[in-house]
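Written out below as structure tokens is the structure these notes cover.
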Amino acid sequence: MDNENREEQLRAYPQKGTNQVAVRSYNERLVLQLVREHGSLTKADATRATGLSPNAASVIFRSLEEEGLLLRGERIRGRIGQPSTPMRLNPDAHHYVVLKIGRRSLELAVVNFIGEIEAIKRIQQPYPTPNSVLEFLRSNLTGVLRSAKQSRKSISGMAVAMPFELWSWTEEFDAPETEMEAWRQFDPIAEFEKLVPWKVVVENDATAACRAEQVFGARGEMQDWIYFFVGTFIGGGIVLNGSVFPGRRGNAGGFGPMRVPEREGGDRLVDHASLVVLEHSIAAAGGQPFEIYNEETDWGKFEPFVSDWILRAARSLAHATVSSLSVLDFEAVVIDGALPDDVKTRLVDEVRHQMEITDLQGVFMPKIEAGKTGRRARTIGAAASLISRNYLIDQNTLMRT
């Protein structure tokens, strides 16, 4: 980014601070959010962006540095006035244990303060049960901590990203209803806290993926956008005013049940834009459908099923996008998923094409972009949920109970 554009973006920053000492916590979150969005920030940058006085900005930077949240970069010389020192986030400020529960896989990882995975254990499975998840956590926690060179005392918290109501829609992904019914009575926070020494936070997995894109995907320039994550089932999230909006029950952006005008295969988005649809096509032809969840698999071997699925999914995602735009005037749509990068690119391109040939009367064409966080979005998004709670401003909950 050139200096002129950077100056313009900083001056147009939508959130402003206050110079009253009583709300220093808000101002600290504001500065941390700016640093996260820009990669590094000087005190002068923070002053221009937030309206804080130079003295207030200095106090905040000093406090955040002393707390170990910020690190000093190389001093910038050659400008008018005194040399300035950019500050950046300290990756080692905090480490989090995260557990991603998926319908086809489990992941246990240690994630640092800037969203880097320092150690991870992943397994594939036909479907998850409470007992299998508890055993996975129990058997692998010590090894993952050791691989990340962390101890239980050095971990700041634990977050779980998982689909809500796992006992629902079992027929769609070929899971035994009797075994999946055990999730209905399972209290994840209570059960996981029996195995770990930290407080546990649980967030919907697709909302967590959206949060990863918002916190770690350098999306600070966008304020209102929707997010689709294409996994075994389609899910997603909503960003309003630059913050993830989880909704009253934490399920906002759960796009799966959204109705789309398809003639065959069901009338819900989940019936067309989910990987389970591709699974069924591969299985019907005698192939091995679970291979698509092996991250080393070349999806070219599954043609023409992949191309057919991309067209079907993109058409339905375009319908879902128009429906969403009719409710809120989103500026962009971000699409990510448990997909190879080349397949994701093809899907995004096809969604863009479908939007161009769709009747957009009454709505405006949004930007259609590929997600930056990829397959691990739900995993690092779990850490993002803890970072958001403790270190970022949530414009959507400031006045909510």
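Residue numbering restarts at 1 in every chain; chains get A, B, ... in the order shown in the structure tokens, and ligands count up from 1 in that same order.
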
For range 154-207 of chain A against range 249-260 of chain A, with a cut-off of 9 Å and counting only C-alpha atoms, what is the closest atom pair and its distance in Å to one decimal for every residue that makes the cut, ordered by chain and number, as a Markdown table?
| residue | atom | partner | partner_atom | distance |
| --- | --- | --- | --- | --- |
| A:Phe164 | CA | A:Asn251 | CA | 8.0 |
| A:Glu203 | CA | A:Gly250 | CA | 7.2 |
| A:Asn204 | CA | A:Asn251 | CA | 6.7 |
| A:Ala206 | CA | A:Gly254 | CA | 7.6 |
| A:Thr207 | CA | A:Asn251 | CA | 7.3 |

Q: Find the residues near Met365 in chain A: any atom within 12 Å, counting only C-alpha atoms, skip ones fewer than 4 places away on the same chain, and give them as a ChimeraX atom specification.
A: /A:318,321-322,324-326,329-333,351-361

Q: Enumerate, as a PyMOL selection string, the complete set of residues in range 180-330 of chain A that a backbone-based DSSP assignment places in alpha helix (DSSP H).
A: chain A and resi 180+188-193+205-216+275-284+305-325

Q) If you count only C-alpha atoms, which residues fall within 7 Å of Asp205 in chain A, apart from same-chain ones fewer than 5 positions away, as number ranges by chain? A) A: 161-163, 378

Q | Near-range 391-395 of chain A list (6 Å; only C-alpha atoms; drop same-chain fewer than 4 positions) as a PyMOL selection string | A | chain A and resi 29+33+243+387

Quick one: write out the picked residues with N, CA and C atoms as a short mmCIF file (atom, residue, chain, number, x, y, z; two decimals), in the first residue's frame?
data_model
loop_
_atom_site.label_atom_id
_atom_site.label_comp_id
_atom_site.auth_asym_id
_atom_site.auth_seq_id
_atom_site.Cartn_x
_atom_site.Cartn_y
_atom_site.Cartn_z
N ARG A 29 -8.27 -1.65 22.77
CA ARG A 29 -8.83 -2.58 21.80
C ARG A 29 -8.82 -1.95 20.40
N GLN A 33 -6.84 -3.44 17.25
CA GLN A 33 -7.56 -3.78 16.04
C GLN A 33 -6.91 -3.13 14.82
N SER A 243 -17.64 -6.17 12.31
CA SER A 243 -17.59 -7.20 13.36
C SER A 243 -18.52 -8.35 13.00
N ILE A 387 -9.75 -14.22 20.87
CA ILE A 387 -9.10 -12.93 20.65
C ILE A 387 -10.13 -11.83 20.53
#

Q | Selection near range 90-100 of chain A, 8 Å with only C-alpha atoms, sequence-local residues under 4 positions removed, as a PyMOL selection string | A | chain A and resi 68-71+106-114+137+154-162+205+378-380+382-383

**Q.** CA of Ala182 in chain A to CA of Glu291 in chain A, straight-line distance in Å
**A.**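 If I compute the distance from CA of Glu291 in chain A to CA of Ala182 in chain A, I get 27.1 Å.
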
Q) Could you name the residues that touch Asp298 in chain A at 9 Å or less, counting only C-alpha atoms, but leaving out those on the same chain fewer than 4 positions away, as a VMD selection string? A) chain A and resid 292 302 340

Export of the given selection (N, CA and C atoms) as an mmCIF file, in the first residue's frame:
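Wrote again28.cif, looks like this:
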data_model
loop_
_atom_site.group_PDB
_atom_site.id
_atom_site.type_symbol
_atom_site.label_atom_id
_atom_site.label_comp_id
_atom_site.auth_asym_id
_atom_site.auth_seq_id
_atom_site.Cartn_x
_atom_site.Cartn_y
_atom_site.Cartn_z
ATOM 1 N N ILE A 292 -12.132 -36.936 -0.878
ATOM 2 C CA ILE A 292 -12.116 -35.479 -1.066
ATOM 3 C C ILE A 292 -11.698 -34.753 0.202
ATOM 4 N N PHE A 302 -11.715 -36.811 -9.905
ATOM 5 C CA PHE A 302 -13.160 -36.949 -9.698
ATOM 6 C C PHE A 302 -13.980 -36.263 -10.785
ATOM 7 N N PRO A 340 -9.539 -27.640 -2.366
ATOM 8 C CA PRO A 340 -8.252 -27.267 -2.949
ATOM 9 C C PRO A 340 -8.345 -25.848 -3.510
#

Q) So how far away is CA of Asp224 in chain A from CA of Ile238 in chain A, in Å? A) 7.8 Å

Q: Using only C-alpha atoms, determine which residues lie at most 12 Å from Asp342 in chain A, disregarding the query and same-chain residues fewer than 3 positions distant; provide the list as a PyMOL selection string.
A: chain A and resi 298-300+306-307+310+336-339+345-349+370+374

Please produce a file of those selected residues containing C-alpha atoms, as a PDB file, in the first residue's frame.
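Resulting contents of selection.pdb:
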ATOM      1  CA  ASP A 298      -6.009 -34.180  -6.525  1.00  0.00           C
ATOM      2  CA  TRP A 299      -9.662 -33.535  -7.264  1.00  0.00           C
ATOM      3  CA  GLY A 300      -8.974 -33.865 -10.980  1.00  0.00           C
ATOM      4  CA  VAL A 306     -16.402 -31.824  -9.626  1.00  0.00           C
ATOM      5  CA  SER A 307     -17.298 -29.608 -12.590  1.00  0.00           C
ATOM      6  CA  ILE A 310     -19.250 -26.463  -9.062  1.00  0.00           C
ATOM      7  CA  ASP A 336     -14.061 -20.287   1.367  1.00  0.00           C
ATOM      8  CA  GLY A 337     -14.181 -23.946   2.254  1.00  0.00           C
ATOM      9  CA  ALA A 338     -12.513 -27.310   2.707  1.00  0.00           C
ATOM     10  CA  LEU A 339     -11.477 -27.179  -0.945  1.00  0.00           C
ATOM     11  CA  THR A 345     -10.999 -20.361  -7.517  1.00  0.00           C
ATOM     12  CA  ARG A 346     -13.237 -22.096 -10.039  1.00  0.00           C
ATOM     13  CA  LEU A 347     -16.187 -21.966  -7.654  1.00  0.00           C
ATOM     14  CA  VAL A 348     -15.716 -18.246  -6.954  1.00  0.00           C
ATOM     15  CA  ASP A 349     -15.411 -17.503 -10.684  1.00  0.00           C
ATOM     16  CA  ALA A 370     -12.200 -15.990  -2.359  1.00  0.00           C
ATOM     17  CA  GLY A 374      -8.779 -21.715   3.578  1.00  0.00           C
TER      18      GLY A 374
END

Q: Return the single residue from A:Gly217, A:Gly237, A:Gly266, A:Pro128 that is closest to Glu116 in chain A, with distances computed using only C-alpha atoms.
A: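 Closest to Glu116 in chain A, using only C-alpha atoms: A:Gly217.
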
Q. What is the CA of Leu166 in chain A to CA of Ala208 in chain A distance in Å?
A.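 Result for CA of Leu166 in chain A versus CA of Ala208 in chain A: 16.1 Å, one decimal.
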